[in-house]
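Text of data.pdb, listed as PDB, C-alpha atoms and all ligand atoms:
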ATOM      1  CA  MET A  11    -133.408  68.278 -14.382  1.00  0.00           C
ATOM      2  CA  PRO A  12    -130.331  66.199 -15.235  1.00  0.00           C
ATOM      3  CA  ASP A  13    -128.657  66.784 -18.508  1.00  0.00           C
ATOM      4  CA  VAL A  14    -129.425  63.450 -20.252  1.00  0.00           C
ATOM      5  CA  ALA A  15    -129.610  61.883 -23.705  1.00  0.00           C
ATOM      6  CA  LEU A  16    -131.264  58.596 -24.650  1.00  0.00           C
ATOM      7  CA  ILE A  17    -128.868  55.874 -25.879  1.00  0.00           C
ATOM      8  CA  THR A  18    -129.376  52.271 -27.019  1.00  0.00           C
ATOM      9  CA  THR A  19    -127.117  49.668 -25.375  1.00  0.00           C
ATOM     10  CA  ALA A  20    -125.813  46.442 -26.911  1.00  0.00           C
ATOM     11  CA  ASP A  21    -128.761  44.280 -25.818  1.00  0.00           C
ATOM     12  CA  GLY A  22    -131.170  46.723 -27.502  1.00  0.00           C
ATOM     13  CA  SER A  23    -132.416  48.266 -24.246  1.00  0.00           C
ATOM     14  CA  HIS A  24    -132.194  51.975 -23.671  1.00  0.00           C
ATOM     15  CA  SER A  25    -130.088  53.789 -21.139  1.00  0.00           C
ATOM     16  CA  LEU A  26    -129.261  57.436 -20.570  1.00  0.00           C
ATOM     17  CA  LEU A  27    -126.052  59.339 -20.972  1.00  0.00           C
ATOM     18  CA  HIS A  28    -125.605  61.999 -18.310  1.00  0.00           C
ATOM     19  CA  THR A  29    -123.886  64.438 -20.624  1.00  0.00           C
ATOM     20  CA  SER A  30    -122.197  66.717 -18.090  1.00  0.00           C
ATOM     21  CA  LEU A  31    -120.873  63.793 -15.996  1.00  0.00           C
ATOM     22  CA  GLY A  32    -119.941  61.857 -19.141  1.00  0.00           C
ATOM     23  CA  GLU A  33    -121.445  58.761 -17.551  1.00  0.00           C
ATOM     24  CA  THR A  34    -124.181  56.338 -18.561  1.00  0.00           C
ATOM     25  CA  TYR A  35    -126.955  55.136 -16.232  1.00  0.00           C
ATOM     26  CA  HIS A  36    -126.176  51.504 -17.133  1.00  0.00           C
ATOM     27  CA  SER A  37    -123.572  49.405 -18.898  1.00  0.00           C
ATOM     28  CA  ARG A  38    -123.260  50.114 -22.605  1.00  0.00           C
ATOM     29  CA  HIS A  39    -122.997  46.327 -23.033  1.00  0.00           C
ATOM     30  CA  GLY A  40    -126.667  46.022 -22.095  1.00  0.00           C
ATOM     31  CA  ALA A  41    -128.740  47.982 -19.606  1.00  0.00           C
ATOM     32  CA  ARG A  42    -131.428  45.385 -19.071  1.00  0.00           C
ATOM     33  CA  GLN A  43    -128.910  42.558 -19.020  1.00  0.00           C
ATOM     34  CA  GLU A  44    -126.830  44.367 -16.369  1.00  0.00           C
ATOM     35  CA  SER A  45    -129.818  45.119 -14.120  1.00  0.00           C
ATOM     36  CA  LEU A  46    -131.040  41.543 -14.361  1.00  0.00           C
ATOM     37  CA  HIS A  47    -127.599  40.108 -13.615  1.00  0.00           C
ATOM     38  CA  VAL A  48    -126.453  42.384 -10.795  1.00  0.00           C
ATOM     39  CA  PHE A  49    -129.599  43.373  -8.951  1.00  0.00           C
ATOM     40  CA  ILE A  50    -132.174  40.692  -9.721  1.00  0.00           C
ATOM     41  CA  GLN A  51    -130.130  37.530 -10.118  1.00  0.00           C
ATOM     42  CA  HIS A  52    -127.500  38.274  -7.448  1.00  0.00           C
ATOM     43  CA  GLY A  53    -129.429  40.603  -5.126  1.00  0.00           C
ATOM     44  CA  LEU A  54    -133.106  39.744  -5.118  1.00  0.00           C
ATOM     45  CA  ALA A  55    -133.385  36.170  -6.393  1.00  0.00           C
ATOM     46  CA  PRO A  56    -131.465  34.502  -3.510  1.00  0.00           C
ATOM     47  CA  VAL A  57    -133.950  35.981  -0.999  1.00  0.00           C
ATOM     48  CA  SER A  58    -136.771  33.509  -0.544  1.00  0.00           C
ATOM     49  CA  THR A  59    -138.845  35.167   2.193  1.00  0.00           C
ATOM     50  CA  ALA A  60    -142.487  35.860   1.345  1.00  0.00           C
ATOM     51  CA  SER A  61    -142.082  39.564   1.977  1.00  0.00           C
ATOM     52  CA  LEU A  62    -139.053  41.809   1.901  1.00  0.00           C
ATOM     53  CA  SER A  63    -137.887  45.404   1.858  1.00  0.00           C
ATOM     54  CA  ILE A  64    -135.499  46.842  -0.690  1.00  0.00           C
ATOM     55  CA  LEU A  65    -133.619  50.145  -0.706  1.00  0.00           C
ATOM     56  CA  GLU A  66    -132.297  51.436  -4.008  1.00  0.00           C
ATOM     57  CA  VAL A  67    -129.792  54.273  -4.269  1.00  0.00           C
ATOM     58  CA  GLY A  68    -130.602  55.989  -7.540  1.00  0.00           C
ATOM     59  CA  PHE A  69    -134.106  55.328  -8.944  1.00  0.00           C
ATOM     60  CA  GLY A  70    -133.134  56.867 -12.304  1.00  0.00           C
ATOM     61  CA  THR A  71    -134.926  55.211 -15.197  1.00  0.00           C
ATOM     62  CA  GLY A  72    -136.863  52.879 -12.880  1.00  0.00           C
ATOM     63  CA  LEU A  73    -135.398  49.811 -14.610  1.00  0.00           C
ATOM     64  CA  ASN A  74    -134.367  48.052 -11.378  1.00  0.00           C
ATOM     65  CA  ALA A  75    -137.727  48.805  -9.776  1.00  0.00           C
ATOM     66  CA  TRP A  76    -139.550  47.531 -12.860  1.00  0.00           C
ATOM     67  CA  LEU A  77    -137.583  44.263 -13.015  1.00  0.00           C
ATOM     68  CA  THR A  78    -138.084  43.800  -9.263  1.00  0.00           C
ATOM     69  CA  TRP A  79    -141.835  44.193  -9.652  1.00  0.00           C
ATOM     70  CA  GLN A  80    -141.840  41.661 -12.503  1.00  0.00           C
ATOM     71  CA  HIS A  81    -139.837  39.243 -10.326  1.00  0.00           C
ATOM     72  CA  ALA A  82    -142.326  39.657  -7.473  1.00  0.00           C
ATOM     73  CA  LEU A  83    -145.223  38.901  -9.820  1.00  0.00           C
ATOM     74  CA  MET A  84    -143.450  35.697 -10.833  1.00  0.00           C
ATOM     75  CA  THR A  85    -142.500  34.511  -7.326  1.00  0.00           C
ATOM     76  CA  GLY A  86    -145.554  35.811  -5.472  1.00  0.00           C
ATOM     77  CA  GLN A  87    -143.362  37.733  -3.013  1.00  0.00           C
ATOM     78  CA  THR A  88    -144.522  41.009  -1.502  1.00  0.00           C
ATOM     79  CA  ILE A  89    -142.013  43.835  -1.785  1.00  0.00           C
ATOM     80  CA  ARG A  90    -141.712  47.224  -0.133  1.00  0.00           C
ATOM     81  CA  TYR A  91    -139.384  49.190  -2.378  1.00  0.00           C
ATOM     82  CA  THR A  92    -137.783  52.481  -1.338  1.00  0.00           C
ATOM     83  CA  ALA A  93    -135.800  54.364  -3.977  1.00  0.00           C
ATOM     84  CA  LEU A  94    -133.692  57.428  -3.300  1.00  0.00           C
ATOM     85  CA  GLU A  95    -133.262  59.890  -6.144  1.00  0.00           C
ATOM     86  CA  THR A  96    -131.975  63.453  -6.265  1.00  0.00           C
ATOM     87  CA  TYR A  97    -132.818  64.215  -9.893  1.00  0.00           C
ATOM     88  CA  PRO A  98    -136.121  62.720 -11.068  1.00  0.00           C
ATOM     89  CA  LEU A  99    -136.364  62.368 -14.807  1.00  0.00           C
ATOM     90  CA  PRO A 100    -138.993  64.257 -16.779  1.00  0.00           C
ATOM     91  CA  ARG A 101    -141.811  62.464 -18.556  1.00  0.00           C
ATOM     92  CA  GLU A 102    -140.356  63.090 -22.008  1.00  0.00           C
ATOM     93  CA  ILE A 103    -137.347  60.967 -21.000  1.00  0.00           C
ATOM     94  CA  TRP A 104    -138.936  58.098 -19.028  1.00  0.00           C
ATOM     95  CA  GLY A 105    -141.833  57.951 -21.491  1.00  0.00           C
ATOM     96  CA  ALA A 106    -139.352  57.217 -24.315  1.00  0.00           C
ATOM     97  CA  LEU A 107    -137.613  54.258 -22.587  1.00  0.00           C
ATOM     98  CA  ASN A 108    -138.138  50.895 -24.290  1.00  0.00           C
ATOM     99  CA  TYR A 109    -138.161  48.628 -21.198  1.00  0.00           C
ATOM    100  CA  VAL A 110    -141.777  47.607 -21.657  1.00  0.00           C
ATOM    101  CA  ALA A 111    -143.823  47.142 -24.786  1.00  0.00           C
ATOM    102  CA  GLY A 112    -147.490  46.730 -25.549  1.00  0.00           C
ATOM    103  CA  THR A 113    -150.190  46.379 -22.963  1.00  0.00           C
ATOM    104  CA  ASP A 114    -147.872  46.587 -19.930  1.00  0.00           C
ATOM    105  CA  THR A 115    -146.632  50.059 -20.818  1.00  0.00           C
ATOM    106  CA  HIS A 116    -149.115  51.658 -18.432  1.00  0.00           C
ATOM    107  CA  LEU A 117    -147.570  49.651 -15.552  1.00  0.00           C
ATOM    108  CA  PHE A 118    -144.125  51.103 -16.230  1.00  0.00           C
ATOM    109  CA  HIS A 119    -145.717  54.533 -16.437  1.00  0.00           C
ATOM    110  CA  ALA A 120    -147.388  53.881 -13.080  1.00  0.00           C
ATOM    111  CA  LEU A 121    -143.941  53.515 -11.503  1.00  0.00           C
ATOM    112  CA  HIS A 122    -142.932  56.925 -12.737  1.00  0.00           C
ATOM    113  CA  GLU A 123    -146.257  58.609 -12.138  1.00  0.00           C
ATOM    114  CA  SER A 124    -146.423  57.441  -8.523  1.00  0.00           C
ATOM    115  CA  PRO A 125    -145.960  60.302  -6.063  1.00  0.00           C
ATOM    116  CA  TRP A 126    -142.656  61.304  -4.508  1.00  0.00           C
ATOM    117  CA  ASN A 127    -142.152  61.028  -0.751  1.00  0.00           C
ATOM    118  CA  ALA A 128    -145.223  58.859  -0.132  1.00  0.00           C
ATOM    119  CA  TRP A 129    -145.937  55.135  -0.005  1.00  0.00           C
ATOM    120  CA  HIS A 130    -147.823  54.063  -3.110  1.00  0.00           C
ATOM    121  CA  PRO A 131    -149.232  50.540  -3.647  1.00  0.00           C
ATOM    122  CA  LEU A 132    -148.645  49.574  -7.278  1.00  0.00           C
ATOM    123  CA  ASP A 133    -150.559  46.325  -6.782  1.00  0.00           C
ATOM    124  CA  ASP A 134    -150.764  43.643  -4.115  1.00  0.00           C
ATOM    125  CA  ARG A 135    -147.142  42.559  -4.799  1.00  0.00           C
ATOM    126  CA  MET A 136    -145.240  45.831  -4.739  1.00  0.00           C
ATOM    127  CA  THR A 137    -145.468  49.050  -2.775  1.00  0.00           C
ATOM    128  CA  LEU A 138    -143.175  51.882  -3.788  1.00  0.00           C
ATOM    129  CA  TYR A 139    -141.741  54.838  -1.911  1.00  0.00           C
ATOM    130  CA  LYS A 140    -139.854  57.159  -4.239  1.00  0.00           C
ATOM    131  CA  TRP A 141    -137.782  59.275  -1.908  1.00  0.00           C
ATOM    132  CA  ARG A 142    -136.693  62.536  -3.453  1.00  0.00           C
ATOM    133  CA  ALA A 143    -133.556  63.100  -1.434  1.00  0.00           C
ATOM    134  CA  SER A 144    -129.811  62.561  -1.432  1.00  0.00           C
ATOM    135  CA  VAL A 145    -128.354  59.509   0.261  1.00  0.00           C
ATOM    136  CA  LEU A 146    -125.716  61.909   1.586  1.00  0.00           C
ATOM    137  CA  ASP A 147    -128.215  64.023   3.517  1.00  0.00           C
ATOM    138  CA  GLU A 148    -130.735  61.551   4.850  1.00  0.00           C
ATOM    139  CA  ASN A 149    -130.742  59.244   7.825  1.00  0.00           C
ATOM    140  CA  VAL A 150    -131.868  55.808   6.743  1.00  0.00           C
ATOM    141  CA  ASP A 151    -133.799  53.570   9.158  1.00  0.00           C
ATOM    142  CA  ALA A 152    -131.612  51.043  10.932  1.00  0.00           C
ATOM    143  CA  ALA A 153    -132.082  47.316  10.285  1.00  0.00           C
ATOM    144  CA  ALA A 154    -134.938  48.029   7.881  1.00  0.00           C
ATOM    145  CA  TYR A 155    -133.894  46.516   4.528  1.00  0.00           C
ATOM    146  CA  ASP A 156    -133.267  42.972   3.339  1.00  0.00           C
ATOM    147  CA  VAL A 157    -131.534  44.062   0.140  1.00  0.00           C
ATOM    148  CA  ILE A 158    -129.798  47.272  -0.941  1.00  0.00           C
ATOM    149  CA  TYR A 159    -129.324  47.958  -4.637  1.00  0.00           C
ATOM    150  CA  PHE A 160    -126.430  50.412  -4.643  1.00  0.00           C
ATOM    151  CA  ASP A 161    -126.675  51.878  -8.149  1.00  0.00           C
ATOM    152  CA  ALA A 162    -124.970  55.254  -7.868  1.00  0.00           C
ATOM    153  CA  PHE A 163    -122.816  56.646 -10.662  1.00  0.00           C
ATOM    154  CA  ALA A 164    -119.311  55.214 -10.697  1.00  0.00           C
ATOM    155  CA  PRO A 165    -116.809  56.145  -7.963  1.00  0.00           C
ATOM    156  CA  ASN A 166    -114.648  58.168 -10.355  1.00  0.00           C
ATOM    157  CA  ARG A 167    -117.700  60.317 -11.262  1.00  0.00           C
ATOM    158  CA  GLN A 168    -119.409  60.648  -7.883  1.00  0.00           C
ATOM    159  CA  PRO A 169    -116.729  59.718  -5.323  1.00  0.00           C
ATOM    160  CA  GLU A 170    -118.687  61.227  -2.429  1.00  0.00           C
ATOM    161  CA  LEU A 171    -121.346  58.507  -2.781  1.00  0.00           C
ATOM    162  CA  TRP A 172    -118.783  55.739  -2.244  1.00  0.00           C
ATOM    163  CA  GLN A 173    -117.110  57.085   0.897  1.00  0.00           C
ATOM    164  CA  LEU A 174    -116.969  54.950   4.027  1.00  0.00           C
ATOM    165  CA  PRO A 175    -119.645  56.979   5.928  1.00  0.00           C
ATOM    166  CA  VAL A 176    -122.165  56.263   3.136  1.00  0.00           C
ATOM    167  CA  ILE A 177    -121.220  52.584   3.079  1.00  0.00           C
ATOM    168  CA  GLU A 178    -121.605  52.438   6.880  1.00  0.00           C
ATOM    169  CA  LYS A 179    -125.022  54.081   6.559  1.00  0.00           C
ATOM    170  CA  MET A 180    -126.025  51.368   4.095  1.00  0.00           C
ATOM    171  CA  VAL A 181    -124.739  48.599   6.344  1.00  0.00           C
ATOM    172  CA  GLN A 182    -126.622  49.858   9.373  1.00  0.00           C
ATOM    173  CA  ALA A 183    -129.793  50.053   7.228  1.00  0.00           C
ATOM    174  CA  LEU A 184    -129.612  46.304   6.490  1.00  0.00           C
ATOM    175  CA  VAL A 185    -131.234  43.643   8.629  1.00  0.00           C
ATOM    176  CA  PRO A 186    -128.817  40.978   9.947  1.00  0.00           C
ATOM    177  CA  GLY A 187    -128.306  38.612   7.004  1.00  0.00           C
ATOM    178  CA  GLY A 188    -129.219  41.413   4.575  1.00  0.00           C
ATOM    179  CA  VAL A 189    -127.440  41.894   1.276  1.00  0.00           C
ATOM    180  CA  PHE A 190    -125.751  44.893  -0.369  1.00  0.00           C
ATOM    181  CA  VAL A 191    -125.282  44.489  -4.101  1.00  0.00           C
ATOM    182  CA  THR A 192    -123.634  46.689  -6.718  1.00  0.00           C
ATOM    183  CA  TYR A 193    -122.107  46.577 -10.175  1.00  0.00           C
ATOM    184  CA  CYS A 194    -118.918  48.155  -8.830  1.00  0.00           C
ATOM    185  CA  ALA A 195    -115.968  45.925  -7.905  1.00  0.00           C
ATOM    186  CA  LYS A 196    -113.352  48.464  -6.828  1.00  0.00           C
ATOM    187  CA  GLY A 197    -110.857  47.293  -4.193  1.00  0.00           C
ATOM    188  CA  GLN A 198    -111.587  50.322  -2.002  1.00  0.00           C
ATOM    189  CA  LEU A 199    -115.299  49.473  -1.925  1.00  0.00           C
ATOM    190  CA  LYS A 200    -114.548  45.893  -0.878  1.00  0.00           C
ATOM    191  CA  ARG A 201    -112.198  47.128   1.853  1.00  0.00           C
ATOM    192  CA  ASP A 202    -114.765  49.657   3.098  1.00  0.00           C
ATOM    193  CA  LEU A 203    -117.496  47.027   3.179  1.00  0.00           C
ATOM    194  CA  ARG A 204    -115.220  44.763   5.245  1.00  0.00           C
ATOM    195  CA  THR A 205    -114.375  47.654   7.563  1.00  0.00           C
ATOM    196  CA  ALA A 206    -118.118  48.170   8.019  1.00  0.00           C
ATOM    197  CA  GLY A 207    -118.431  44.534   9.108  1.00  0.00           C
ATOM    198  CA  MET A 208    -119.706  42.925   5.908  1.00  0.00           C
ATOM    199  CA  VAL A 209    -118.776  39.555   4.404  1.00  0.00           C
ATOM    200  CA  VAL A 210    -117.776  40.420   0.838  1.00  0.00           C
ATOM    201  CA  GLU A 211    -117.973  38.286  -2.299  1.00  0.00           C
ATOM    202  CA  ALA A 212    -116.670  39.185  -5.742  1.00  0.00           C
ATOM    203  CA  LEU A 213    -118.983  37.546  -8.289  1.00  0.00           C
ATOM    204  CA  PRO A 214    -118.684  37.378 -12.072  1.00  0.00           C
ATOM    205  CA  GLY A 215    -120.028  40.595 -13.554  1.00  0.00           C
ATOM    206  CA  PRO A 216    -122.487  41.028 -16.411  1.00  0.00           C
ATOM    207  CA  PRO A 217    -121.152  40.914 -19.985  1.00  0.00           C
ATOM    208  CA  GLY A 218    -118.374  43.487 -20.366  1.00  0.00           C
ATOM    209  CA  LYS A 219    -117.459  43.466 -16.676  1.00  0.00           C
ATOM    210  CA  ARG A 220    -115.205  40.952 -14.939  1.00  0.00           C
ATOM    211  CA  GLU A 221    -116.595  41.335 -11.419  1.00  0.00           C
ATOM    212  CA  MET A 222    -119.384  42.751  -9.315  1.00  0.00           C
ATOM    213  CA  VAL A 223    -119.776  42.857  -5.541  1.00  0.00           C
ATOM    214  CA  ARG A 224    -122.239  41.294  -3.155  1.00  0.00           C
ATOM    215  CA  ALA A 225    -121.805  41.717   0.581  1.00  0.00           C
ATOM    216  CA  ARG A 226    -123.779  40.170   3.423  1.00  0.00           C
ATOM    217  CA  LYS A 227    -124.318  41.543   6.905  1.00  0.00           C
ATOM    218  CA  PRO A 228    -123.535  38.839   9.443  1.00  0.00           C
ATOM    219  CA  HIS A 229    -126.286  37.633  11.803  1.00  0.00           C
TER     220      HIS A 229
HETATM  221  C1  LIG B 301    -126.125  54.940 -12.412  1.00  0.00           C
HETATM  222  S1  LIG B 301    -127.640  55.858 -12.344  1.00  0.00           S
HETATM  223  C2  LIG B 301    -128.693  54.449 -12.060  1.00  0.00           C
HETATM  224  C3  LIG B 301    -130.122  54.739 -11.960  1.00  0.00           C
HETATM  225  C4  LIG B 301    -131.139  53.621 -11.857  1.00  0.00           C
HETATM  226  N1  LIG B 301    -130.838  52.622 -10.875  1.00  0.00           N
HETATM  227  C5  LIG B 301    -131.510  53.081 -13.200  1.00  0.00           C
HETATM  228  O1  LIG B 301    -131.581  51.862 -13.354  1.00  0.00           O
HETATM  229  O2  LIG B 301    -131.787  53.878 -14.082  1.00  0.00           O
HETATM  230  C6  LIG B 301    -127.430  56.702 -10.779  1.00  0.00           C
HETATM  231  C7  LIG B 301    -128.649  57.422 -10.251  1.00  0.00           C
HETATM  232  O3  LIG B 301    -128.346  57.953  -8.950  1.00  0.00           O
HETATM  233  C8  LIG B 301    -128.928  59.234  -8.837  1.00  0.00           C
HETATM  234  N2  LIG B 301    -128.204  59.994  -7.814  1.00  0.00           N
HETATM  235  C9  LIG B 301    -127.134  60.800  -7.987  1.00  0.00           C
HETATM  236  N3  LIG B 301    -126.737  61.332  -6.811  1.00  0.00           N
HETATM  237  C10 LIG B 301    -127.569  60.824  -5.866  1.00  0.00           C
HETATM  238  C11 LIG B 301    -127.660  61.014  -4.455  1.00  0.00           C
HETATM  239  N4  LIG B 301    -126.802  61.805  -3.812  1.00  0.00           N
HETATM  240  N5  LIG B 301    -128.632  60.359  -3.781  1.00  0.00           N
HETATM  241  C12 LIG B 301    -129.502  59.543  -4.454  1.00  0.00           C
HETATM  242  N6  LIG B 301    -129.462  59.333  -5.793  1.00  0.00           N
HETATM  243  C13 LIG B 301    -128.512  59.973  -6.493  1.00  0.00           C
HETATM  244  C14 LIG B 301    -128.784  59.811 -10.239  1.00  0.00           C
HETATM  245  O4  LIG B 301    -129.631  60.913 -10.459  1.00  0.00           O
HETATM  246  C15 LIG B 301    -129.119  58.605 -11.092  1.00  0.00           C
HETATM  247  O5  LIG B 301    -130.497  58.504 -11.323  1.00  0.00           O
END
Using structure tokens, write down the structure from this file.
Amino acid sequence: MPDVALITTADGSHSLLHTSLGETYHSRHGARQESLHVFIQHGLAPVSTASLSILEVGFGTGLNAWLTWQHALMTGQTIRYTALETYPLPREIWGALNYVAGTDTHLFHALHESPWNAWHPLDDRMTLYKWRASVLDENVDAAAYDVIYFDAFAPNRQPELWQLPVIEKMVQALVPGGVFVTYCAKGQLKRDLRTAGMVVEALPGPPGKREMVRARKPH
């Protein structure tokens, strides 16, 4: 189990501090705000197809998956969501997160209680595959995903996850026209994405961050 402590970020939403890495799971300026800005607004929302597949690197607290599910309920899209994670969180941690209140709490719990390494329909909008594995070790299906949420810990904490071979693996996993999105805006990442054949955009980041990156695989 990862070595984590619950923290409250500036928008009031929880995140986790990975104490041995000295790194938070989200921006301290606002976890929910960051996920909405980077992954939903700039990754998912521009995709208008009725059904799509998403790959997330780092399921963690399940916040991105939860917000994606809520988006699908609003738009009526059907989503197949695959999330890689090496260190699933225990119930005492995910059960304490304040991302959902009141009668929907059981839906957030359903995300976390769904089985690992199996497809699990959450409802008729979203089907989840929580993949307990490292992105470093696994082969990922080619041309299988419309959107990749790359939400690994920062390059200075987990540099191996941001190396060119991992980026190339992500690019080959995208369909032509597919989108890779991340909170990170490092020059090396942008160069590696271009080397891997992507068209790279630097977009305004969420509060507290000047830039984020979105990259599209050409048709
Ligand atoms: C920055 S956190 C973000 C988590 C998540 N997206 C969220 O909203 O809570 C990074 C996540 O990547 C996971 N992770 C670390 N190494 C990994 C690896 N090699 N493969 C897949 N996931 C990994 C961590 O355990 C952690 O949950």
Shell around Ala153 of chain A at 10 Å using all atoms listed in the file, local window under 3 positions removed, as a ChimeraX atom specification: /A:150,156,180-186,188
Hits from the PyMOL selection byres (((chain A and resi 53) around 8) and not hetatm), listed as a PyMOL selection string: chain A and resi 48-52+54-57+157-159+189-191+224
Got a sec to resolve the PyMOL selection byres (((chain A and resi 148) around 12) and not hetatm) on this structure and send the residues as a list in words?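 Selected by the PyMOL selection byres (((chain A and resi 148) around 12) and not hetatm) here: Val67, Leu94, Glu95, Thr96, Trp141, Arg142, Ala143, Ser144, Val145, Leu146, Asp147, Asn149, Val150, Asp151, Val176, Lys179, Met180 and Ala183 of chain A.
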Residues up to 9 Å from ligand LIG 301 (chain B), counting all atoms listed in the file: could you list those as a PDB file with C-alpha atoms, in the coordinates of the input?
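Output (selection_18.pdb):
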ATOM      1  CA  PRO A  12    -130.331  66.199 -15.235  1.00  0.00           C
ATOM      2  CA  SER A  25    -130.088  53.789 -21.139  1.00  0.00           C
ATOM      3  CA  LEU A  26    -129.261  57.436 -20.570  1.00  0.00           C
ATOM      4  CA  HIS A  28    -125.605  61.999 -18.310  1.00  0.00           C
ATOM      5  CA  GLU A  33    -121.445  58.761 -17.551  1.00  0.00           C
ATOM      6  CA  THR A  34    -124.181  56.338 -18.561  1.00  0.00           C
ATOM      7  CA  TYR A  35    -126.955  55.136 -16.232  1.00  0.00           C
ATOM      8  CA  HIS A  36    -126.176  51.504 -17.133  1.00  0.00           C
ATOM      9  CA  SER A  37    -123.572  49.405 -18.898  1.00  0.00           C
ATOM     10  CA  ALA A  41    -128.740  47.982 -19.606  1.00  0.00           C
ATOM     11  CA  ARG A  42    -131.428  45.385 -19.071  1.00  0.00           C
ATOM     12  CA  SER A  45    -129.818  45.119 -14.120  1.00  0.00           C
ATOM     13  CA  GLU A  66    -132.297  51.436  -4.008  1.00  0.00           C
ATOM     14  CA  VAL A  67    -129.792  54.273  -4.269  1.00  0.00           C
ATOM     15  CA  GLY A  68    -130.602  55.989  -7.540  1.00  0.00           C
ATOM     16  CA  PHE A  69    -134.106  55.328  -8.944  1.00  0.00           C
ATOM     17  CA  GLY A  70    -133.134  56.867 -12.304  1.00  0.00           C
ATOM     18  CA  THR A  71    -134.926  55.211 -15.197  1.00  0.00           C
ATOM     19  CA  GLY A  72    -136.863  52.879 -12.880  1.00  0.00           C
ATOM     20  CA  LEU A  73    -135.398  49.811 -14.610  1.00  0.00           C
ATOM     21  CA  ASN A  74    -134.367  48.052 -11.378  1.00  0.00           C
ATOM     22  CA  ALA A  75    -137.727  48.805  -9.776  1.00  0.00           C
ATOM     23  CA  ALA A  93    -135.800  54.364  -3.977  1.00  0.00           C
ATOM     24  CA  LEU A  94    -133.692  57.428  -3.300  1.00  0.00           C
ATOM     25  CA  GLU A  95    -133.262  59.890  -6.144  1.00  0.00           C
ATOM     26  CA  THR A  96    -131.975  63.453  -6.265  1.00  0.00           C
ATOM     27  CA  TYR A  97    -132.818  64.215  -9.893  1.00  0.00           C
ATOM     28  CA  PRO A  98    -136.121  62.720 -11.068  1.00  0.00           C
ATOM     29  CA  LEU A  99    -136.364  62.368 -14.807  1.00  0.00           C
ATOM     30  CA  TRP A 141    -137.782  59.275  -1.908  1.00  0.00           C
ATOM     31  CA  ARG A 142    -136.693  62.536  -3.453  1.00  0.00           C
ATOM     32  CA  ALA A 143    -133.556  63.100  -1.434  1.00  0.00           C
ATOM     33  CA  SER A 144    -129.811  62.561  -1.432  1.00  0.00           C
ATOM     34  CA  VAL A 145    -128.354  59.509   0.261  1.00  0.00           C
ATOM     35  CA  LEU A 146    -125.716  61.909   1.586  1.00  0.00           C
ATOM     36  CA  ASP A 147    -128.215  64.023   3.517  1.00  0.00           C
ATOM     37  CA  GLU A 148    -130.735  61.551   4.850  1.00  0.00           C
ATOM     38  CA  TYR A 159    -129.324  47.958  -4.637  1.00  0.00           C
ATOM     39  CA  PHE A 160    -126.430  50.412  -4.643  1.00  0.00           C
ATOM     40  CA  ASP A 161    -126.675  51.878  -8.149  1.00  0.00           C
ATOM     41  CA  ALA A 162    -124.970  55.254  -7.868  1.00  0.00           C
ATOM     42  CA  PHE A 163    -122.816  56.646 -10.662  1.00  0.00           C
ATOM     43  CA  ALA A 164    -119.311  55.214 -10.697  1.00  0.00           C
ATOM     44  CA  GLN A 168    -119.409  60.648  -7.883  1.00  0.00           C
ATOM     45  CA  GLU A 170    -118.687  61.227  -2.429  1.00  0.00           C
ATOM     46  CA  LEU A 171    -121.346  58.507  -2.781  1.00  0.00           C
TER      47      LEU A 171
END
Counting all atoms listed in the file, which of A:His24, A:His119, A:Lys227, A:Arg101 gets nearest to Arg38 of chain A?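 Smallest separation from Arg38 of chain A among the options: A:His24.
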Any chance you could work out the residue set of the PyMOL selection byres (((chain A and resi 108) around 10) and not hetatm) here, as a ChimeraX atom specification? /A:18,22-25,104-107,109-111,115
Of the listed residues A:Asp13, A:Asp133, A:Glu178, A:Glu221, that which approaches Arg204 of chain A most closely, counting all atoms listed in the file: A:Glu178
Quote the spacing between atom CA of Asp202 of chain A and atom CA of Trp172 of chain A in Å to one decimal place.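 That distance, rounded to one decimal, is 9.0 Å.
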Quick check, in Å to one decimal: how far apart do atom CA of Cys194 of chain A and atom CA of Val223 of chain A lie?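 Atom-to-atom, atom CA of Cys194 of chain A to atom CA of Val223 of chain A, that is 6.3 Å.
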Between atom CA of His39 of chain A and atom CA of Ile89 of chain A, what distance in Å does the model show, to one decimal?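 That distance, rounded to one decimal, is 28.6 Å.
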Gln198 of chain A environment, 10 Å, all atoms listed in the file, sequence neighbours closer than 2 positions dropped, as a ChimeraX atom specification: /A:165,172-174,195-196,200-204
Output C-alpha atoms for every residue in the selection just made, as a compact mmCIF listing (two decimals), in the frame of the given file.
# COMPACT_ATOMS: atom_id res chain seq x y z
CA PRO A 165 -116.81 56.14 -7.96
CA TRP A 172 -118.78 55.74 -2.24
CA GLN A 173 -117.11 57.08 0.90
CA LEU A 174 -116.97 54.95 4.03
CA ALA A 195 -115.97 45.92 -7.90
CA LYS A 196 -113.35 48.46 -6.83
CA LYS A 200 -114.55 45.89 -0.88
CA ARG A 201 -112.20 47.13 1.85
CA ASP A 202 -114.76 49.66 3.10
CA LEU A 203 -117.50 47.03 3.18
CA ARG A 204 -115.22 44.76 5.24
Centre, x/y/z edge lengths, axis-aligned box for segment 65-77 of chain A with 6 Å per side, as JSON:
{"center_x": -134.7, "center_y": 50.6, "center_z": -8.0, "size_x": 21.8, "size_y": 24.6, "size_z": 26.5}
Spatial neighbours of Lys140 of chain A, max dist 6 Å, only C-alpha atoms, sep filter under 4 positions, as a CSV table (one decimal) with C-alpha atoms, in the coordinates of the input:
chain,number,residue,atom,x,y,z
A,92,THR,CA,-137.8,52.5,-1.3
A,93,ALA,CA,-135.8,54.4,-4.0
A,126,TRP,CA,-142.7,61.3,-4.5
A,127,ASN,CA,-142.2,61.0,-0.8
Hey, which of A:Leu46, A:Val14, A:Leu62, A:Ile177 ends up closest to Trp76 of chain A? Count all atoms listed in the file. A:Leu46
Compare A:Asp114, A:Gln43, A:Met136, A:Leu121 by their minimum atom-to-atom distance to Trp79 of chain A, counting only C-alpha atoms, and give me the closest one.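 Using only C-alpha atoms, the shortest distance to Trp79 of chain A belongs to A:Met136.
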